[in-house]
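Q: Dropping in structure-v4.cif, which is mmCIF, C-alpha atoms and all ligand atoms:
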data_model
#
loop_
_atom_site.label_atom_id
_atom_site.label_comp_id
_atom_site.auth_asym_id
_atom_site.auth_seq_id
_atom_site.Cartn_x
_atom_site.Cartn_y
_atom_site.Cartn_z
CA MET A 126 0.00 0.00 0.00
CA ASN A 127 1.29 3.53 -0.79
CA ASP A 128 1.72 6.28 1.80
CA PHE A 129 -1.24 8.63 1.99
CA GLU A 130 -2.45 11.60 3.99
CA TYR A 131 -5.45 11.14 6.30
CA LEU A 132 -7.84 14.07 6.90
CA ARG A 133 -10.96 14.12 9.04
CA ALA A 134 -13.62 16.29 7.37
CA GLU A 135 -15.12 18.95 9.64
CA SER A 136 -18.08 19.87 7.46
CA LEU A 137 -19.73 18.82 4.21
CA GLN A 138 -18.17 21.72 2.36
CA ASN A 139 -14.75 20.99 3.84
CA ALA A 140 -15.09 17.34 2.73
CA SER A 141 -16.13 18.25 -0.82
CA GLY A 142 -13.44 20.93 -1.11
CA GLU A 143 -10.69 18.55 -0.02
CA GLN A 144 -11.96 15.78 -2.29
CA SER A 145 -11.83 17.99 -5.37
CA ARG A 146 -8.03 18.16 -4.97
CA ASP A 147 -6.20 15.69 -7.25
CA GLY A 148 -5.60 12.25 -5.75
CA SER A 149 -8.24 12.52 -3.00
CA ARG A 150 -10.81 9.91 -2.05
CA PHE A 151 -13.60 9.90 0.52
CA LEU A 152 -13.34 7.30 3.26
CA ALA A 153 -16.57 5.99 4.80
CA GLY A 154 -16.64 2.40 6.14
CA GLY A 155 -13.44 1.67 4.21
CA THR A 156 -14.53 -1.84 3.18
CA THR A 157 -14.04 -1.09 -0.52
CA GLN A 158 -11.60 1.82 -0.41
CA VAL A 159 -8.97 0.14 1.77
CA ASP A 160 -9.38 -3.14 -0.13
CA LEU A 161 -8.63 -1.42 -3.44
CA MET A 162 -5.56 0.23 -1.93
CA LYS A 163 -4.29 -3.08 -0.57
CA CYS A 164 -4.55 -4.79 -3.94
CA GLY A 165 -2.83 -1.84 -5.65
CA VAL A 166 -5.77 -0.76 -7.84
CA GLU A 167 -6.04 2.66 -6.16
CA LYS A 168 -3.18 4.77 -4.84
CA PRO A 169 -4.79 7.94 -3.47
CA ALA A 170 -2.61 10.71 -2.11
CA ARG A 171 -5.18 11.51 0.60
CA LEU A 172 -8.23 10.01 2.26
CA ILE A 173 -10.94 12.34 3.50
CA ASP A 174 -12.72 10.63 6.38
CA ILE A 175 -16.40 11.62 6.23
CA THR A 176 -17.67 9.35 9.00
CA PHE A 177 -17.77 12.15 11.60
CA LEU A 178 -20.03 14.44 9.55
CA PRO A 179 -23.31 15.02 11.41
CA GLY A 180 -26.79 14.47 9.96
CA LEU A 181 -25.85 12.03 7.21
CA SER A 182 -27.07 8.84 8.92
CA ASP A 183 -30.75 9.72 9.25
CA ILE A 184 -33.42 7.42 7.84
CA THR A 185 -36.90 8.91 7.26
CA VAL A 186 -39.92 6.98 6.06
CA THR A 187 -43.08 8.95 5.14
CA PRO A 188 -46.11 7.78 3.12
CA HIS A 189 -44.65 9.39 -0.01
CA LEU A 190 -40.88 9.29 0.31
CA ILE A 191 -38.10 7.27 1.92
CA ARG A 192 -34.89 9.18 2.54
CA ILE A 193 -31.70 7.41 3.61
CA GLY A 194 -28.59 9.34 4.64
CA ALA A 195 -25.35 8.35 2.89
CA LEU A 196 -23.63 7.42 6.16
CA ALA A 197 -26.40 5.10 7.36
CA LYS A 198 -24.94 1.61 7.75
CA MET A 199 -26.19 -1.19 5.51
CA SER A 200 -27.31 -3.16 8.58
CA GLN A 201 -29.23 -0.17 10.05
CA VAL A 202 -31.17 0.31 6.82
CA ALA A 203 -31.83 -3.42 6.40
CA ALA A 204 -33.27 -3.64 9.94
CA HIS A 205 -35.27 -0.40 9.88
CA PRO A 206 -38.93 -1.29 10.68
CA GLY A 207 -40.39 1.40 8.37
CA ILE A 208 -38.28 0.23 5.45
CA LYS A 209 -39.10 -3.44 6.05
CA ARG A 210 -42.80 -2.52 6.06
CA SER A 211 -42.95 -0.02 3.15
CA ALA A 212 -40.12 -1.27 0.96
CA PRO A 213 -39.17 -4.92 1.59
CA VAL A 214 -36.99 -4.99 -1.54
CA LEU A 215 -34.60 -2.40 -0.03
CA SER A 216 -34.19 -4.31 3.21
CA GLU A 217 -33.85 -7.69 1.46
CA SER A 218 -31.23 -6.46 -1.02
CA LEU A 219 -29.08 -5.30 1.90
CA TRP A 220 -29.56 -8.45 4.02
CA ARG A 221 -28.38 -10.55 1.10
CA ALA A 222 -25.25 -8.45 0.52
CA ALA A 223 -21.76 -9.18 1.88
CA SER A 224 -21.50 -10.47 5.49
CA ALA A 225 -22.79 -9.31 8.88
CA GLN A 226 -19.43 -7.73 9.74
CA LEU A 227 -19.28 -5.83 6.45
CA ARG A 228 -22.89 -4.65 6.72
CA ASN A 229 -22.20 -3.27 10.20
CA MET A 230 -19.24 -1.27 8.89
CA ALA A 231 -20.26 -0.30 5.36
CA THR A 232 -22.34 2.75 4.48
CA ILE A 233 -25.02 3.34 1.86
CA GLY A 234 -22.93 5.99 0.04
CA GLY A 235 -19.91 3.66 -0.10
CA ASN A 236 -22.11 0.79 -1.25
CA LEU A 237 -23.32 2.80 -4.23
CA MET A 238 -19.72 3.60 -5.13
CA GLN A 239 -18.30 0.07 -4.89
CA ARG A 240 -16.27 -1.03 -7.89
CA THR A 241 -16.41 -4.16 -10.01
CA ARG A 242 -15.16 -7.50 -8.68
CA CYS A 243 -13.59 -8.44 -12.06
CA THR A 244 -10.59 -10.51 -10.97
CA TYR A 245 -8.38 -9.05 -13.71
CA PHE A 246 -9.22 -5.50 -12.58
CA ARG A 247 -8.34 -6.34 -8.98
CA ASP A 248 -4.96 -7.92 -9.74
CA PRO A 249 -2.71 -5.31 -11.38
CA VAL A 250 0.44 -7.32 -10.65
CA ALA A 251 -0.64 -10.39 -12.64
CA TYR A 252 -2.72 -8.64 -15.35
CA SER A 253 -1.63 -5.42 -17.01
CA ALA A 254 -4.52 -5.36 -19.54
CA CYS A 255 -7.53 -3.64 -18.03
CA ASN A 256 -9.17 -0.67 -19.75
CA LYS A 257 -11.02 0.26 -16.60
CA ARG A 258 -7.81 0.52 -14.57
CA THR A 259 -5.51 1.72 -17.36
CA PRO A 260 -7.40 3.17 -20.34
CA GLY A 261 -6.17 1.75 -23.65
CA SER A 262 -4.41 -1.28 -22.11
CA GLY A 263 -6.93 -3.88 -23.34
CA CYS A 264 -9.23 -6.27 -21.52
CA ALA A 265 -7.93 -9.53 -20.07
CA ALA A 266 -11.44 -10.80 -19.32
CA ILE A 267 -12.88 -10.89 -22.85
CA HIS A 268 -10.76 -13.94 -23.75
CA GLY A 269 -10.15 -14.97 -20.15
CA ASN A 270 -12.28 -16.62 -17.51
CA ASN A 271 -15.45 -14.56 -17.79
CA ARG A 272 -18.00 -16.68 -15.91
CA ASN A 273 -18.81 -13.77 -13.58
CA HIS A 274 -18.93 -11.11 -16.26
CA ALA A 275 -21.80 -9.19 -17.79
CA VAL A 276 -24.00 -10.13 -20.74
CA LEU A 277 -25.90 -6.83 -21.01
CA GLY A 278 -24.48 -3.35 -21.56
CA ILE A 279 -21.04 -4.69 -22.48
CA SER A 280 -18.64 -3.15 -24.98
CA ASP A 281 -15.50 -4.29 -26.80
CA SER A 282 -13.56 -2.39 -24.12
CA CYS A 283 -15.06 -3.90 -20.95
CA ILE A 284 -17.47 -6.64 -19.85
CA ALA A 285 -17.20 -6.08 -16.08
CA ILE A 286 -20.31 -6.63 -14.04
CA TYR A 287 -21.87 -4.11 -11.69
CA PRO A 288 -21.57 -6.17 -8.47
CA GLY A 289 -23.87 -4.51 -5.91
CA ASP A 290 -27.37 -5.40 -4.72
CA PHE A 291 -28.86 -2.26 -3.16
CA ALA A 292 -28.47 -0.14 -6.32
CA VAL A 293 -30.44 -2.78 -8.22
CA ALA A 294 -33.36 -2.34 -5.82
CA LEU A 295 -33.06 1.46 -6.11
CA THR A 296 -33.03 1.20 -9.91
CA ALA A 297 -36.35 -0.67 -9.99
CA PHE A 298 -38.00 2.21 -8.12
CA ASP A 299 -36.41 5.28 -9.75
CA ALA A 300 -34.53 6.38 -6.67
CA ARG A 301 -32.73 9.71 -6.76
CA ILE A 302 -29.17 10.15 -5.58
CA VAL A 303 -28.69 13.43 -3.73
CA LEU A 304 -25.29 15.05 -4.35
CA GLN A 305 -23.66 18.12 -2.85
CA ASP A 306 -20.73 19.98 -4.42
CA PRO A 307 -18.00 22.10 -2.76
CA ASP A 308 -20.14 25.27 -3.15
CA GLY A 309 -23.01 23.64 -1.29
CA GLN A 310 -25.08 23.20 -4.47
CA ILE A 311 -27.41 20.21 -4.35
CA ARG A 312 -28.10 18.03 -7.39
CA ARG A 313 -30.49 15.09 -7.65
CA VAL A 314 -29.79 12.37 -10.23
CA ASN A 315 -32.10 9.49 -11.10
CA ILE A 316 -30.08 6.36 -10.36
CA ARG A 317 -30.72 5.18 -13.92
CA GLU A 318 -28.52 8.04 -15.12
CA PHE A 319 -25.94 7.78 -12.33
CA TYR A 320 -24.15 4.61 -13.52
CA LEU A 321 -22.44 4.91 -16.90
CA LEU A 322 -22.23 2.15 -19.50
CA PRO A 323 -18.59 1.23 -20.26
CA GLY A 324 -18.61 2.13 -23.99
CA GLU A 325 -15.08 3.10 -24.95
CA SER A 326 -14.34 4.67 -21.56
CA PRO A 327 -14.94 2.04 -18.87
CA HIS A 328 -12.81 4.01 -16.39
CA LEU A 329 -15.70 6.53 -16.16
CA GLU A 330 -18.24 4.80 -13.93
CA HIS A 331 -20.56 7.46 -12.46
CA ASP A 332 -22.10 10.83 -13.11
CA LEU A 333 -20.22 12.33 -10.18
CA LYS A 334 -18.35 15.62 -10.56
CA PRO A 335 -15.07 16.38 -8.73
CA GLY A 336 -15.81 17.15 -5.07
CA GLU A 337 -19.41 15.94 -5.20
CA LEU A 338 -20.45 13.90 -2.19
CA ILE A 339 -23.47 11.62 -1.99
CA THR A 340 -25.50 12.91 0.95
CA ALA A 341 -28.62 10.72 0.64
CA VAL A 342 -30.83 8.57 -1.52
CA GLU A 343 -34.54 9.27 -1.95
CA ILE A 344 -37.06 6.64 -2.99
CA PRO A 345 -40.61 7.68 -4.01
CA VAL A 346 -43.13 5.39 -2.32
CA VAL A 347 -45.46 3.74 -4.87
CA PRO A 348 -47.88 0.84 -4.29
CA ALA A 349 -45.58 -1.63 -6.09
CA LEU A 350 -42.87 -0.88 -3.51
CA ILE A 351 -44.98 -2.37 -0.73
CA HIS A 352 -45.37 -5.64 -2.70
CA SER A 353 -41.70 -5.91 -3.59
CA HIS A 354 -39.01 -8.56 -3.31
CA TYR A 355 -35.29 -9.08 -3.94
CA LEU A 356 -34.18 -12.50 -5.15
CA LYS A 357 -30.46 -13.19 -5.35
CA VAL A 358 -29.14 -16.38 -6.95
CA ARG A 359 -25.48 -17.11 -6.27
CA ASP A 360 -22.90 -19.87 -6.12
CA ARG A 361 -23.28 -20.25 -2.34
CA ALA A 362 -26.07 -19.28 0.04
CA SER A 363 -24.36 -16.28 1.68
CA TYR A 364 -21.35 -13.97 1.45
CA GLU A 365 -21.31 -14.10 -2.33
CA PHE A 366 -22.06 -11.74 -5.20
CA ALA A 367 -25.06 -12.43 -7.48
CA ALA A 368 -24.92 -14.79 -10.46
CA ALA A 369 -28.25 -13.13 -11.25
CA SER A 370 -30.65 -11.16 -9.09
CA ALA A 371 -33.99 -9.45 -9.51
CA ALA A 372 -35.50 -6.51 -7.63
CA VAL A 373 -39.20 -6.45 -8.39
CA GLY A 374 -42.48 -4.92 -7.26
CA VAL A 375 -46.03 -5.43 -8.43
CA GLU A 376 -49.37 -3.65 -8.10
CA LEU A 377 -52.49 -5.47 -9.25
CA GLU A 378 -55.83 -4.05 -10.37
CA ALA A 379 -58.85 -4.34 -8.05
CA ASP A 380 -59.67 -7.73 -9.66
CA GLY A 381 -56.52 -9.09 -7.99
CA LYS A 382 -55.24 -10.74 -11.18
CA THR A 383 -54.31 -8.03 -13.72
CA VAL A 384 -51.03 -6.13 -13.60
CA ARG A 385 -51.48 -2.38 -13.06
CA ASP A 386 -47.86 -1.51 -12.32
CA VAL A 387 -44.70 -3.61 -12.25
CA ARG A 388 -41.06 -2.80 -11.58
CA ILE A 389 -38.12 -5.02 -12.53
CA ALA A 390 -34.40 -4.40 -12.26
CA MET A 391 -31.75 -7.08 -12.66
CA GLY A 392 -28.36 -7.52 -11.00
CA GLY A 393 -25.48 -9.87 -11.80
CA ILE A 394 -26.02 -9.68 -15.54
CA GLY A 395 -25.31 -6.07 -16.58
CA THR A 396 -22.42 -3.63 -16.55
CA VAL A 397 -24.81 -1.34 -14.65
CA PRO A 398 -27.91 -2.13 -12.55
CA TRP A 399 -30.30 -3.17 -15.34
CA ARG A 400 -33.87 -1.88 -15.52
CA ALA A 401 -36.08 -4.19 -17.60
CA THR A 402 -38.48 -1.57 -18.98
CA ASP A 403 -39.49 -3.65 -22.04
CA VAL A 404 -40.65 -6.45 -19.76
CA GLU A 405 -42.48 -3.99 -17.51
CA ASN A 406 -44.31 -2.44 -20.47
CA GLN A 407 -45.34 -5.80 -21.87
CA LEU A 408 -46.62 -7.04 -18.51
CA LYS A 409 -48.85 -4.06 -17.75
CA GLY A 410 -52.51 -4.97 -18.33
CA LYS A 411 -51.73 -8.70 -18.60
CA ALA A 412 -52.84 -11.52 -16.32
CA PHE A 413 -50.54 -12.04 -13.35
CA ASP A 414 -49.94 -15.77 -13.61
CA GLU A 415 -46.90 -17.99 -13.97
CA GLU A 416 -47.41 -18.79 -17.65
CA THR A 417 -47.65 -15.13 -18.68
CA LEU A 418 -44.71 -14.17 -16.50
CA ARG A 419 -42.49 -16.93 -17.95
CA LEU A 420 -43.37 -15.90 -21.49
CA ILE A 421 -42.76 -12.19 -21.05
CA THR A 422 -39.72 -12.23 -18.75
CA ALA A 423 -37.80 -13.95 -21.58
CA VAL A 424 -37.47 -10.42 -22.97
CA VAL A 425 -35.05 -9.60 -20.09
CA SER A 426 -32.23 -11.24 -22.03
CA GLN A 427 -32.98 -9.64 -25.39
CA GLY A 428 -29.77 -8.16 -26.77
CA ALA A 429 -27.61 -10.11 -24.29
CA ARG A 430 -24.17 -11.24 -25.48
CA SER A 431 -22.12 -13.81 -23.63
CA SER A 432 -18.34 -14.14 -23.76
CA GLY A 433 -17.78 -17.88 -23.40
CA HIS A 434 -18.18 -18.90 -19.78
CA ASN A 435 -21.20 -16.80 -18.85
CA ASP A 436 -23.80 -18.12 -21.36
CA PHE A 437 -25.84 -19.53 -18.46
CA LYS A 438 -26.78 -16.00 -17.34
CA ILE A 439 -28.91 -15.53 -20.45
CA THR A 440 -31.26 -18.34 -19.46
CA LEU A 441 -30.95 -17.80 -15.73
CA ALA A 442 -32.01 -14.13 -15.71
CA PRO A 443 -35.63 -14.58 -16.93
CA ARG A 444 -36.15 -17.43 -14.45
CA VAL A 445 -34.94 -15.29 -11.58
CA ALA A 446 -37.23 -12.45 -12.67
CA THR A 447 -40.23 -14.79 -12.87
CA ARG A 448 -39.61 -16.33 -9.45
CA ALA A 449 -39.11 -12.94 -7.84
CA LEU A 450 -42.38 -11.63 -9.35
CA LEU A 451 -44.33 -14.68 -8.19
CA THR A 452 -43.07 -14.11 -4.64
CA ALA A 453 -43.79 -10.36 -4.74
CA GLY A 454 -47.33 -11.08 -6.02
CA GLY A 455 -47.93 -13.65 -3.27
CA ILE A 456 -48.19 -16.67 -5.60
CA SER A 457 -45.19 -18.57 -4.24
C1 LIG B 501 -15.78 -9.62 0.81
C2 LIG B 501 -16.81 -8.62 0.36
C3 LIG B 501 -18.04 -9.08 -0.07
C4 LIG B 501 -19.01 -8.15 -0.49
N1 LIG B 501 -20.23 -8.61 -0.93
C5 LIG B 501 -21.14 -7.72 -1.39
C6 LIG B 501 -22.40 -8.14 -1.87
O1 LIG B 501 -22.73 -9.34 -1.89
N2 LIG B 501 -23.27 -7.19 -2.30
C7 LIG B 501 -22.98 -5.86 -2.28
O2 LIG B 501 -23.81 -5.03 -2.68
N3 LIG B 501 -21.79 -5.43 -1.84
C8 LIG B 501 -20.88 -6.32 -1.40
N4 LIG B 501 -19.67 -5.89 -0.96
C9 LIG B 501 -19.32 -4.48 -1.10
C10 LIG B 501 -19.66 -3.71 0.15
O3 LIG B 501 -21.05 -3.61 0.25
C11 LIG B 501 -18.99 -2.35 0.01
O4 LIG B 501 -17.61 -2.57 0.22
C12 LIG B 501 -19.46 -1.33 1.00
O5 LIG B 501 -20.82 -1.11 0.88
C13 LIG B 501 -18.73 -0.02 0.80
O6 LIG B 501 -19.14 0.89 1.79
P1 LIG B 501 -18.07 1.65 2.69
O7 LIG B 501 -18.81 2.58 3.56
O8 LIG B 501 -17.15 0.69 3.37
O9 LIG B 501 -17.31 2.45 1.55
P2 LIG B 501 -15.78 2.90 1.44
O10 LIG B 501 -14.92 1.71 1.24
O11 LIG B 501 -15.42 3.81 2.54
O12 LIG B 501 -15.86 3.74 0.10
C14 LIG B 501 -16.10 3.11 -1.15
C15 LIG B 501 -15.98 4.16 -2.25
O13 LIG B 501 -17.04 5.09 -2.15
C16 LIG B 501 -16.57 6.41 -1.99
N5 LIG B 501 -17.52 7.03 -1.08
C17 LIG B 501 -17.86 6.60 0.17
N6 LIG B 501 -18.85 7.36 0.66
C18 LIG B 501 -19.14 8.28 -0.29
C19 LIG B 501 -20.10 9.34 -0.39
N7 LIG B 501 -20.96 9.60 0.61
N8 LIG B 501 -20.13 10.08 -1.51
C20 LIG B 501 -19.29 9.82 -2.55
N9 LIG B 501 -18.36 8.83 -2.52
C21 LIG B 501 -18.32 8.07 -1.41
C22 LIG B 501 -15.16 6.26 -1.46
O14 LIG B 501 -14.33 7.34 -1.82
C23 LIG B 501 -14.71 4.99 -2.16
O15 LIG B 501 -14.29 5.28 -3.47
C24 LIG B 501 -18.71 -6.78 -0.49
C25 LIG B 501 -17.47 -6.32 -0.03
C26 LIG B 501 -16.51 -7.23 0.39
C27 LIG B 501 -15.19 -6.72 0.87
S1 LIG B 502 -13.76 -6.60 -17.95
FE1 LIG B 502 -13.36 -4.43 -17.60
S2 LIG B 502 -12.56 -4.43 -15.52
FE2 LIG B 502 -12.33 -6.54 -16.26
S3 LIG B 502 -10.30 -6.69 -17.24
FE3 LIG B 502 -11.77 -6.11 -18.83
S4 LIG B 502 -11.60 -3.86 -18.86
FE4 LIG B 502 -10.79 -4.52 -16.90
#
Take the structure in this file and express it as structure tokens.
Ligand SMILES: Cc1cc2nc3c(=O)[nH]c(=O)nc-3n(C[C@H](O)[C@H](O)[C@H](O)COP(=O)(O)OP(=O)(O)OC[C@H]3O[C@@H](n4cnc5c(N)ncnc54)[C@H](O)[C@@H]3O)c2cc1C
Ligand code: SF4
A:
Amino acid sequence: MNDFEYLRAESLQNASGEQSRDGSRFLAGGTTQVDLMKCGVEKPARLIDITFLPGLSDITVTPHLIRIGALAKMSQVAAHPGIKRSAPVLSESLWRAASAQLRNMATIGGNLMQRTRCTYFRDPVAYSACNKRTPGSGCAAIHGNNRNHAVLGISDSCIAIYPGDFAVALTAFDARIVLQDPDGQIRRVNIREFYLLPGESPHLEHDLKPGELITAVEIPVVPALIHSHYLKVRDRASYEFAAASAAVGVELEADGKTVRDVRIAMGGIGTVPWRATDVENQLKGKAFDEETLRLITAVVSQGARSSGHNDFKITLAPRVATRALLTAGGIS
């Protein structure tokens, strides 16, 4: 690990101002940041510790809006009674992430900013080719072992998966990320615009300007959020990233069998949290039964491209979406 300067931020503006200096990184729970420094992927000149900033851990649940402060711990949010009641998908996506120790340490802001788990990206000593780490150097994964890589949103430059769970749940429900810059200006970005597709510049991952700090996330409360579910399929039952996951919510018409509103976002298959809007549009107005769901969720994988070892994700994803919807709708 390289030598670095450690600063404890005294205020939001102080934190943002310091971070806009070259080579600075925020430090929250440290579970990603310190990891990336240990494996030599990141070599920041200074870490700005934001964990002592007041007012950033609050969680508010009202009938219309859920607001979660960026410094709230994953475990606090997962266990919050109002969130479990009004938005099960948020709580479930956090319970199924990482381990108990990590969830007690890690923050919501840091979780949204976690980086890919591509093994080639995380091992700069063994693999020099990684366009995300070193633009223009190539991609070791495209012809390497790519079982855990993306099938949607990929480019010829990068096929790395977006690894997180919580952002997938937020994506299904059009959450807004609240950002504050060094001048105190506040900006709200729909999470669907926050994560950038790799294209030819996979090193650019977020719509975050220098010095901007995530202060909170806001989730509009809609009926489908109350009947929501997060299903995560993985190689082992806990402490593992998703092979495929689905964050879903459903609202039925008064007849109890026709879809009025449905939300679907997929994890473990895309380079960004993947909203399945085509599937949503085709399901609205249709009968909510297993046969219809199986038929229409096949659209999730339209346009998917596998790279050799990850073909299974193309068939797995629609099944995960179907099962998650059946659970959210109370059928299984
Ligand atoms: C072994 C292991 C398994 C894991 N499994 C999962 C999993 O299954 N699912 C899952 O979703 N995640 C998983 N994670 C990732 C974990 O959830 C993240 O490491 C954690 O959420 C990061 O939060 P943190 O507070 O520790 O962030 P830090 O490590 O402190 O920061 C991470 C990044 O975010 C930036 N940052 C932090 N806060 C802010 C802010 N408020 N505004 C702007 N930038 C900010 C930092 O500068 C840094 O670049 C796993 C991690 C490990 C180590
Ligand atoms: S998939 Fe992306 S992160 Fe992984 S080696 Fe290729 S360029 Fe790097």
Q: Do you know which residues are within 8 Å of ligand LIG 501 (chain B) using all atoms listed in the file? Can you write them as a ChimeraX atom specification?
A: /A:150-160,172,175,195-196,198-199,218-219,221-224,227-228,230-240,288-292,304,337-341,363-367
Q: From the set A:Glu135, A:Asp183, A:Asp147, A:Asp248, which residue has the shortest atom-to-atom contact distance to ligand LIG 502 (chain B), counting all atoms listed in the file?
A: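 Residue with the minimum atom-to-atom distance to ligand LIG 502 (chain B): A:Asp248.
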Q: Using all atoms listed in the file, pick whichever of A:Ser457, A:Thr244, A:Ser216, A:Gln138 has the shortest atom-to-atom distance to Gln310 of chain A.
A: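 Of the candidates, the smallest distance to Gln310 of chain A is held by A:Gln138.
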Q: Which chains and residue numbers are within 10 Å of ligand LIG 502 (chain B), counting all atoms listed in the file, if I want them as a PyMOL selection string?
A: chain A and resi 240-249+252-269+271+273-275+279-286+323+325-328+396
Q: I'd like the contact shell of Gly336 of chain A - 7 Å cut-off, only C-alpha atoms, skipping same-chain residues fewer than 5 positions apart - returned as a PyMOL selection string.
A: chain A and resi 141-142+144-145+306-307
Q: Quick one: write out the picked residues with C-alpha atoms as a PDB file, keeping the file's coordinate frame?
A:
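So selection-v8.pdb came out as:
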ATOM      1  CA  SER A 141     -16.130  18.250  -0.820  1.00  0.00           C
ATOM      2  CA  GLY A 142     -13.440  20.930  -1.110  1.00  0.00           C
ATOM      3  CA  GLN A 144     -11.960  15.780  -2.290  1.00  0.00           C
ATOM      4  CA  SER A 145     -11.830  17.990  -5.370  1.00  0.00           C
ATOM      5  CA  ASP A 306     -20.730  19.980  -4.420  1.00  0.00           C
ATOM      6  CA  PRO A 307     -18.000  22.100  -2.760  1.00  0.00           C
TER       7      PRO A 307
END
Q: For segment 333-378 of chain A versus segment 413-422 of chain A, which residues have an atom no more than 12 Å away, and what is each residue's nearest atom pair and distance in Å rounded to one decimal, using all atoms listed in the file, chain-then-number order, as a Markdown table?
A:
| residue | atom | partner | partner_atom | distance |
| --- | --- | --- | --- | --- |
| A:Ala371 | CA | A:Thr422 | CA | 11.2 |
| A:Val373 | CA | A:Thr422 | CA | 11.9 |
| A:Val375 | CA | A:Phe413 | CA | 9.4 |
| A:Glu376 | CA | A:Phe413 | CA | 10.0 |
| A:Leu377 | CA | A:Phe413 | CA | 8.0 |
| A:Glu378 | CA | A:Phe413 | CA | 10.0 |
Q: I'd like the interatomic distance between atom CA of Ile302 of chain A and atom CA of Glu343 of chain A, to a tenth of an Å.
A: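 Taking atom CA of Ile302 of chain A and atom CA of Glu343 of chain A, their separation equals 6.5 Å.
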Q: Please identify all polymer residues within 8 Å of Lys438 of chain A, counting all atoms listed in the file, omitting same-chain residues fewer than 4 positions from it, and present them as an MDAnalysis selection string.
A: chainID A and resid 276 368:369 394 442
Q: Choose the residue, out of A:Gln201, A:Thr176, A:Thr296, A:Asn127, that has the smallest atom-to-atom separation from Pro398 of chain A; count all atoms listed in the file.
A: A:Thr296
Q: How many Å lie between atom CA of Leu215 of chain A and atom CA of Ala203 of chain A, rounded to one decimal?
A: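 So the answer is 7.1 Å.
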Q: May I ask for the distance between atom CA of Arg272 of chain A and atom CA of Asn435 of chain A, given in Å to one decimal place?
A: 4.3 Å
Q: Could you check the closest approach to Asp128 of chain A for each of A:Met391, A:Ala170, A:Ala401, A:Ala379 and tell me which residue wins, using only C-alpha atoms?
A: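 Between A:Met391, A:Ala170, A:Ala401, A:Ala379, the residue approaching Asp128 of chain A most closely is A:Ala170.
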Q: Compare A:Ala300, A:Val214, A:Ala362, A:Leu295 by their minimum atom-to-atom distance to Ala449 of chain A, counting only C-alpha atoms, and give me the closest one.
A: A:Val214
Q: Could you tell me which of A:Glu330, A:Ile316, A:Ala204, A:Val250 comes closest to Cys164 of chain A if we count all atoms listed in the file?
A: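 Among the listed residues, the smallest separation from Cys164 of chain A belongs to A:Val250.
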Q: With only C-alpha atoms counted, which protein, DNA or RNA residues have an atom no more than 12 Å from (-34.6, 8.5, 5.1) in the file frame? Please answer as a PDB file with C-alpha atoms, in the frame of the given file.
A:
ATOM      1  CA  GLY A 180     -26.790  14.470   9.960  1.00  0.00           C
ATOM      2  CA  LEU A 181     -25.850  12.030   7.210  1.00  0.00           C
ATOM      3  CA  SER A 182     -27.070   8.840   8.920  1.00  0.00           C
ATOM      4  CA  ASP A 183     -30.750   9.720   9.250  1.00  0.00           C
ATOM      5  CA  ILE A 184     -33.420   7.420   7.840  1.00  0.00           C
ATOM      6  CA  THR A 185     -36.900   8.910   7.260  1.00  0.00           C
ATOM      7  CA  VAL A 186     -39.920   6.980   6.060  1.00  0.00           C
ATOM      8  CA  THR A 187     -43.080   8.950   5.140  1.00  0.00           C
ATOM      9  CA  PRO A 188     -46.110   7.780   3.120  1.00  0.00           C
ATOM     10  CA  HIS A 189     -44.650   9.390  -0.010  1.00  0.00           C
ATOM     11  CA  LEU A 190     -40.880   9.290   0.310  1.00  0.00           C
ATOM     12  CA  ILE A 191     -38.100   7.270   1.920  1.00  0.00           C
ATOM     13  CA  ARG A 192     -34.890   9.180   2.540  1.00  0.00           C
ATOM     14  CA  ILE A 193     -31.700   7.410   3.610  1.00  0.00           C
ATOM     15  CA  GLY A 194     -28.590   9.340   4.640  1.00  0.00           C
ATOM     16  CA  ALA A 195     -25.350   8.350   2.890  1.00  0.00           C
ATOM     17  CA  LEU A 196     -23.630   7.420   6.160  1.00  0.00           C
ATOM     18  CA  ALA A 197     -26.400   5.100   7.360  1.00  0.00           C
ATOM     19  CA  GLN A 201     -29.230  -0.170  10.050  1.00  0.00           C
ATOM     20  CA  VAL A 202     -31.170   0.310   6.820  1.00  0.00           C
ATOM     21  CA  HIS A 205     -35.270  -0.400   9.880  1.00  0.00           C
ATOM     22  CA  GLY A 207     -40.390   1.400   8.370  1.00  0.00           C
ATOM     23  CA  ILE A 208     -38.280   0.230   5.450  1.00  0.00           C
ATOM     24  CA  ALA A 212     -40.120  -1.270   0.960  1.00  0.00           C
ATOM     25  CA  ILE A 233     -25.020   3.340   1.860  1.00  0.00           C
ATOM     26  CA  ALA A 300     -34.530   6.380  -6.670  1.00  0.00           C
ATOM     27  CA  VAL A 303     -28.690  13.430  -3.730  1.00  0.00           C
ATOM     28  CA  THR A 340     -25.500  12.910   0.950  1.00  0.00           C
ATOM     29  CA  ALA A 341     -28.620  10.720   0.640  1.00  0.00           C
ATOM     30  CA  VAL A 342     -30.830   8.570  -1.520  1.00  0.00           C
ATOM     31  CA  GLU A 343     -34.540   9.270  -1.950  1.00  0.00           C
ATOM     32  CA  ILE A 344     -37.060   6.640  -2.990  1.00  0.00           C
ATOM     33  CA  PRO A 345     -40.610   7.680  -4.010  1.00  0.00           C
ATOM     34  CA  VAL A 346     -43.130   5.390  -2.320  1.00  0.00           C
TER      35      VAL A 346
END
